[in-house]
$ cat run14.txt   # compact mmCIF, C-alpha atoms
# COMPACT_ATOMS: atom_id res chain seq x y z
CA MET A 1 127.99 216.74 100.58
CA LYS A 2 124.30 217.25 99.93
CA ARG A 3 125.05 220.62 98.39
CA ALA A 4 127.59 219.10 96.03
CA VAL A 5 125.16 216.41 94.90
CA LEU A 6 122.42 219.00 94.47
CA SER A 7 124.74 221.24 92.47
CA VAL A 8 125.77 218.35 90.21
CA LEU A 9 122.12 217.40 89.66
CA LEU A 10 121.19 220.98 88.76
CA LEU A 11 124.13 221.14 86.39
CA LEU A 12 123.06 217.89 84.71
CA VAL A 13 119.48 219.14 84.35
CA ALA A 14 120.72 222.39 82.79
CA VAL A 15 122.98 220.53 80.34
CA ALA A 16 120.19 218.09 79.44
CA SER A 17 117.70 220.90 78.80
CA GLU A 18 120.22 222.74 76.59
CA ALA A 19 120.92 219.54 74.64
CA ALA A 20 117.19 218.95 74.17
CA ALA A 21 116.70 222.52 72.96
CA ALA A 22 119.61 222.15 70.52
CA THR A 23 118.20 218.93 69.03
CA GLN A 24 114.75 220.42 68.47
CA LYS A 25 114.37 221.78 64.96
CA PRO A 26 113.56 225.49 64.87
CA GLN A 27 110.13 226.41 63.62
CA PRO A 28 110.20 227.52 59.96
CA LEU A 29 109.77 231.23 59.48
CA PHE A 30 107.42 230.75 56.51
CA THR A 31 104.78 228.26 55.42
CA ILE A 32 104.51 228.39 51.62
CA THR A 33 101.62 226.96 49.62
CA THR A 34 101.19 227.15 45.83
CA ARG A 35 98.33 226.06 43.63
CA LEU A 36 97.13 226.32 40.05
CA ASP A 37 93.48 226.71 39.12
CA ARG A 38 93.91 223.88 36.59
CA THR A 39 96.34 221.04 35.97
CA ALA A 40 96.57 221.47 32.20
CA ILE A 41 96.06 224.33 29.76
CA TRP A 42 95.65 224.79 26.04
CA VAL A 43 97.92 227.19 24.23
CA GLY A 44 96.69 230.73 24.94
CA ASP A 45 94.51 229.74 27.91
CA PRO A 46 94.69 231.85 31.06
CA VAL A 47 95.90 230.17 34.26
CA GLU A 48 95.73 231.48 37.81
CA TYR A 49 98.80 230.73 39.93
CA THR A 50 98.31 231.41 43.65
CA ILE A 51 101.15 231.72 46.15
CA GLU A 52 100.31 231.88 49.86
CA VAL A 53 102.89 232.61 52.53
CA VAL A 54 102.03 232.45 56.24
CA HIS A 55 104.57 234.46 58.20
CA PRO A 56 105.10 236.13 61.59
CA ARG A 57 104.02 239.71 62.15
CA SER A 58 107.66 240.74 62.46
CA VAL A 59 108.14 240.11 58.73
CA GLN A 60 107.07 242.67 56.16
CA PHE A 61 106.98 241.86 52.43
CA ALA A 62 107.93 244.37 49.76
CA LEU A 63 104.84 244.45 47.55
CA ASP A 64 105.79 247.47 45.45
CA ASN A 65 107.99 245.33 43.17
CA LEU A 66 105.14 242.96 42.32
CA LYS A 67 104.13 244.55 39.03
CA LYS A 68 103.49 242.69 35.81
CA GLU A 69 106.12 244.83 34.07
CA ASP A 70 108.77 243.83 36.62
CA ILE A 71 108.22 240.05 36.70
CA ALA A 72 109.40 237.83 33.85
CA LEU A 73 108.31 234.20 33.91
CA PRO A 74 109.17 232.84 30.44
CA PRO A 75 107.59 231.02 28.63
CA PHE A 76 104.59 232.56 30.40
CA VAL A 77 103.22 236.05 29.90
CA VAL A 78 102.13 237.82 33.09
CA ARG A 79 98.70 239.34 32.45
CA ALA A 80 97.97 240.67 35.94
CA ILE A 81 99.11 240.40 39.55
CA GLN A 82 97.09 240.71 42.74
CA ALA A 83 98.91 240.89 46.08
CA GLU A 84 97.22 241.14 49.45
CA GLU A 85 98.40 240.79 53.01
CA ARG A 86 95.90 240.10 55.75
CA GLU A 87 95.63 238.85 59.31
CA TRP A 88 95.97 235.13 59.96
CA ARG A 89 95.88 233.21 63.22
CA ASP A 90 98.31 232.77 66.12
CA ASN A 91 99.87 236.22 65.73
CA GLN A 92 100.69 235.58 62.07
CA LYS A 93 99.85 237.16 58.72
CA LEU A 94 99.03 235.73 55.29
CA LEU A 95 100.49 237.07 52.06
CA GLN A 96 98.52 235.99 49.00
CA VAL A 97 99.91 236.65 45.53
CA ILE A 98 97.80 235.69 42.50
CA LEU A 99 99.55 235.68 39.13
CA HIS A 100 97.35 235.61 36.03
CA LEU A 101 99.43 233.91 33.34
CA THR A 102 99.12 232.63 29.80
CA THR A 103 101.51 231.03 27.32
CA TYR A 104 101.79 230.71 23.57
CA GLU A 105 104.40 227.94 23.71
CA SER A 106 103.52 224.73 21.87
CA GLY A 107 105.03 221.37 20.99
CA LYS A 108 105.80 220.33 24.58
CA PRO A 109 103.87 218.02 26.90
CA ASP A 110 104.32 220.32 29.89
CA LEU A 111 105.83 223.63 30.96
CA MET A 112 107.47 224.92 34.11
CA ILE A 113 106.47 228.17 35.74
CA PRO A 114 109.86 229.54 36.82
CA PRO A 115 110.69 230.22 40.47
CA VAL A 116 109.37 233.47 41.90
CA ALA A 117 111.33 235.58 44.41
CA LEU A 118 109.45 237.41 47.14
CA TYR A 119 111.40 240.05 49.06
CA TYR A 120 110.90 240.80 52.73
CA PHE A 121 112.58 242.33 55.73
CA LYS A 122 112.28 241.70 59.43
CA ARG A 123 111.03 244.55 61.54
CA ASP A 124 113.47 245.12 64.35
CA SER A 125 113.07 247.74 67.03
CA ALA A 126 116.80 248.52 66.84
CA LEU A 127 116.73 249.23 63.08
CA SER A 128 114.59 251.63 61.13
CA GLU A 129 112.75 250.45 58.01
CA LYS A 130 115.34 252.18 55.81
CA GLU A 131 118.22 250.39 57.53
CA ALA A 132 116.70 246.89 57.45
CA ARG A 133 118.25 244.55 54.87
CA ALA A 134 115.93 242.95 52.38
CA GLN A 135 115.98 239.17 52.11
CA ALA A 136 114.29 236.88 49.61
CA ILE A 137 112.41 233.64 49.67
CA ARG A 138 112.32 231.55 46.54
CA ILE A 139 109.02 230.00 45.53
CA PRO A 140 109.88 226.72 43.77
CA PRO A 141 109.01 226.15 40.10
CA GLN A 142 105.59 224.74 39.28
CA ARG A 143 104.85 222.24 36.49
CA ILE A 144 101.69 222.47 34.36
CA ALA A 145 100.63 220.20 31.50
CA LEU A 146 100.25 221.74 28.05
CA ARG A 147 97.64 220.56 25.57
CA SER A 148 97.75 221.19 21.85
CA THR A 149 95.25 221.00 19.01
CA LEU A 150 97.91 219.37 16.83
CA SER A 151 97.62 215.58 16.62
CA ALA A 152 100.37 213.55 18.26
CA GLY A 153 103.63 213.33 16.32
CA GLN A 154 102.65 216.05 13.87
CA ASN A 155 104.80 219.17 14.08
CA ARG A 156 103.52 220.89 10.94
CA LEU A 157 100.07 222.07 10.03
CA ARG A 158 98.12 219.81 7.70
CA GLU A 159 97.41 220.88 4.13
$ encode --input "run14.txt" --output "structure tokens"
Amino acid sequence: MKRAVLSVLLLLVAVASEAAAATQKPQPLFTITTRLDRTAIWVGDPVEYTIEVVHPRSVQFALDNLKKEDIALPPFVVRAIQAEEREWRDNQKLLQVILHLTTYESGKPDLMIPPVALYYFKRDSALSEKEARAQAIRIPPQRIALRSTLSAGQNRLRE
């Protein structure tokens, strides 16, 4: 009888621990932070857009496709890109991508920097680097205010 009660108790503890593990949200694979070096720009001004991704060591980002010729972010012009991956804390790494942008758009109160896709693959001991499938994370769009030298309500140049 004692064995039966003990077995039932162990079974209940196992079921409860599995239920608790199932209700816990899994830790996100990435922590993404974006920032602009200014909140508003004038037409033609440079702006620095920084994307930081904290990720586990088992993830490797494809940095060879981060070239200014390969990234289109209309209405912005990509002037330069800097990408660097370095050690972080707690067995993690930090990917920092700095996009140097400018725009010649006018007549709008603000602009959106389009979403940016960063490609990565997980290192797995069972798969070689050539066999690993690339995946992408999408960096959300970023809004920036646009200032103009034209006075409000005036769309044409003055005489």
$ closest_residue --input "run14.txt" --among "A:Leu111, A:Val78, A:Leu101, A:Ile32" --to "Arg138 of chain A" --atoms "only C-alpha atoms"
A:Ile32
$ closest_residue --input "run14.txt" --among "A:Leu36, A:Leu95, A:Leu29, A:Ala80" --to "Val53 of chain A" --atoms "all atoms listed in the file"
A:Leu95
$ atom_distance --input "run14.txt" --atom1 "atom CA of Pro114 of chain A" --atom2 "atom CA of Pro140 of chain A"
7.5 Å
$ residues_around --input "run14.txt" --residues "Pro115 of chain A" --least-positions-apart "4" --cutoff "10 Å" --atoms "only C-alpha atoms" --output "ChimeraX atom specification"
/A:73,137-142
$ closest_residue --input "run14.txt" --among "A:Ser148, A:Gln82, A:Gln135, A:Thr102" --to "Gly44 of chain A" --atoms "only C-alpha atoms"
A:Thr102
$ closest_residue --input "run14.txt" --among "A:Arg123, A:Lys68, A:Arg143, A:His55" --to "Gln96 of chain A" --atoms "all atoms listed in the file"
A:His55
$ atom_distance --input "run14.txt" --atom1 "atom CA of Arg38 of chain A" --atom2 "atom CA of Met112 of chain A"
13.8 Å
$ residues_around --input "run14.txt" --residues "Ala145 of chain A" --least-positions-apart "6" --cutoff "12 Å" --atoms "only C-alpha atoms" --output "VMD selection string"
chain A and resid 36 38 to 43 45 47 103 105 to 113
$ build_atoms --input "run14.txt" --residues "segment 38-49 of chain A" --atoms "all heavy atoms" --output "CSV table (one decimal), in the frame of the given file"
chain,number,residue,atom,x,y,z
A,38,ARG,N,94.1,225.0,37.5
A,38,ARG,CA,93.9,223.9,36.6
A,38,ARG,C,95.2,223.1,36.5
A,38,ARG,O,96.3,223.7,36.7
A,38,ARG,CB,93.4,224.3,35.2
A,38,ARG,CG,94.2,225.3,34.5
A,38,ARG,CD,93.7,225.8,33.2
A,38,ARG,NE,92.6,226.8,33.6
A,38,ARG,CZ,91.8,227.3,32.7
A,38,ARG,NH1,91.9,227.0,31.5
A,38,ARG,NH2,90.9,228.2,33.1
A,39,THR,N,95.1,221.9,36.1
A,39,THR,CA,96.3,221.0,36.0
A,39,THR,C,96.9,221.0,34.6
A,39,THR,O,98.1,220.7,34.4
A,39,THR,CB,96.1,219.6,36.4
A,39,THR,OG1,95.0,219.1,35.6
A,39,THR,CG2,95.7,219.5,37.9
A,40,ALA,N,96.1,221.4,33.6
A,40,ALA,CA,96.6,221.5,32.2
A,40,ALA,C,95.9,222.6,31.5
A,40,ALA,O,94.8,223.0,31.8
A,40,ALA,CB,96.2,220.2,31.5
A,41,ILE,N,96.6,223.2,30.5
A,41,ILE,CA,96.1,224.3,29.8
A,41,ILE,C,96.3,224.1,28.3
A,41,ILE,O,97.2,223.3,27.9
A,41,ILE,CB,96.7,225.7,30.2
A,41,ILE,CG1,98.2,225.7,30.0
A,41,ILE,CG2,96.4,226.0,31.6
A,41,ILE,CD1,98.9,227.0,30.1
A,42,TRP,N,95.5,224.7,27.5
A,42,TRP,CA,95.6,224.8,26.0
A,42,TRP,C,96.5,226.0,25.7
A,42,TRP,O,96.5,227.0,26.5
A,42,TRP,CB,94.3,224.9,25.3
A,42,TRP,CG,93.4,223.7,25.5
A,42,TRP,CD1,92.6,223.4,26.5
A,42,TRP,CD2,93.4,222.5,24.7
A,42,TRP,NE1,92.0,222.2,26.3
A,42,TRP,CE2,92.5,221.6,25.2
A,42,TRP,CE3,94.1,222.1,23.5
A,42,TRP,CZ2,92.2,220.4,24.7
A,42,TRP,CZ3,93.8,220.9,22.9
A,42,TRP,CH2,92.9,220.1,23.5
A,43,VAL,N,97.1,226.0,24.6
A,43,VAL,CA,97.9,227.2,24.2
A,43,VAL,C,97.0,228.4,24.2
A,43,VAL,O,96.0,228.4,23.6
A,43,VAL,CB,98.6,227.0,22.8
A,43,VAL,CG1,99.3,228.2,22.4
A,43,VAL,CG2,99.5,225.8,22.9
A,44,GLY,N,97.5,229.5,24.9
A,44,GLY,CA,96.7,230.7,24.9
A,44,GLY,C,95.7,230.8,26.1
A,44,GLY,O,95.1,231.9,26.3
A,45,ASP,N,95.5,229.7,26.8
A,45,ASP,CA,94.5,229.7,27.9
A,45,ASP,C,95.1,230.5,29.1
A,45,ASP,O,96.3,230.4,29.4
A,45,ASP,CB,94.2,228.3,28.4
A,45,ASP,CG,93.1,227.7,27.6
A,45,ASP,OD1,92.5,228.3,26.8
A,45,ASP,OD2,92.8,226.5,27.9
A,46,PRO,N,94.2,231.2,29.8
A,46,PRO,CA,94.7,231.8,31.1
A,46,PRO,C,94.8,230.8,32.2
A,46,PRO,O,94.1,229.8,32.2
A,46,PRO,CB,93.6,232.9,31.4
A,46,PRO,CG,92.4,232.3,30.8
A,46,PRO,CD,92.8,231.5,29.5
A,47,VAL,N,95.7,231.0,33.1
A,47,VAL,CA,95.9,230.2,34.3
A,47,VAL,C,96.2,231.1,35.5
A,47,VAL,O,96.8,232.1,35.3
A,47,VAL,CB,97.0,229.1,34.1
A,47,VAL,CG1,98.4,229.8,33.9
A,47,VAL,CG2,97.1,228.1,35.2
A,48,GLU,N,95.6,230.7,36.6
A,48,GLU,CA,95.7,231.5,37.8
A,48,GLU,C,96.7,230.7,38.8
A,48,GLU,O,96.4,229.6,39.2
A,48,GLU,CB,94.4,231.7,38.5
A,48,GLU,CG,94.4,232.7,39.5
A,48,GLU,CD,92.9,233.0,40.0
A,48,GLU,OE1,92.2,233.8,39.4
A,48,GLU,OE2,92.6,232.4,41.0
A,49,TYR,N,97.8,231.3,39.1
A,49,TYR,CA,98.8,230.7,39.9
A,49,TYR,C,98.8,231.5,41.3
A,49,TYR,O,99.1,232.7,41.3
A,49,TYR,CB,100.2,230.8,39.2
A,49,TYR,CG,101.3,230.3,40.0
A,49,TYR,CD1,101.3,229.1,40.7
A,49,TYR,CD2,102.6,230.9,39.9
A,49,TYR,CE1,102.4,228.6,41.4
A,49,TYR,CE2,103.7,230.4,40.6
A,49,TYR,CZ,103.6,229.3,41.3
A,49,TYR,OH,104.7,228.8,42.0
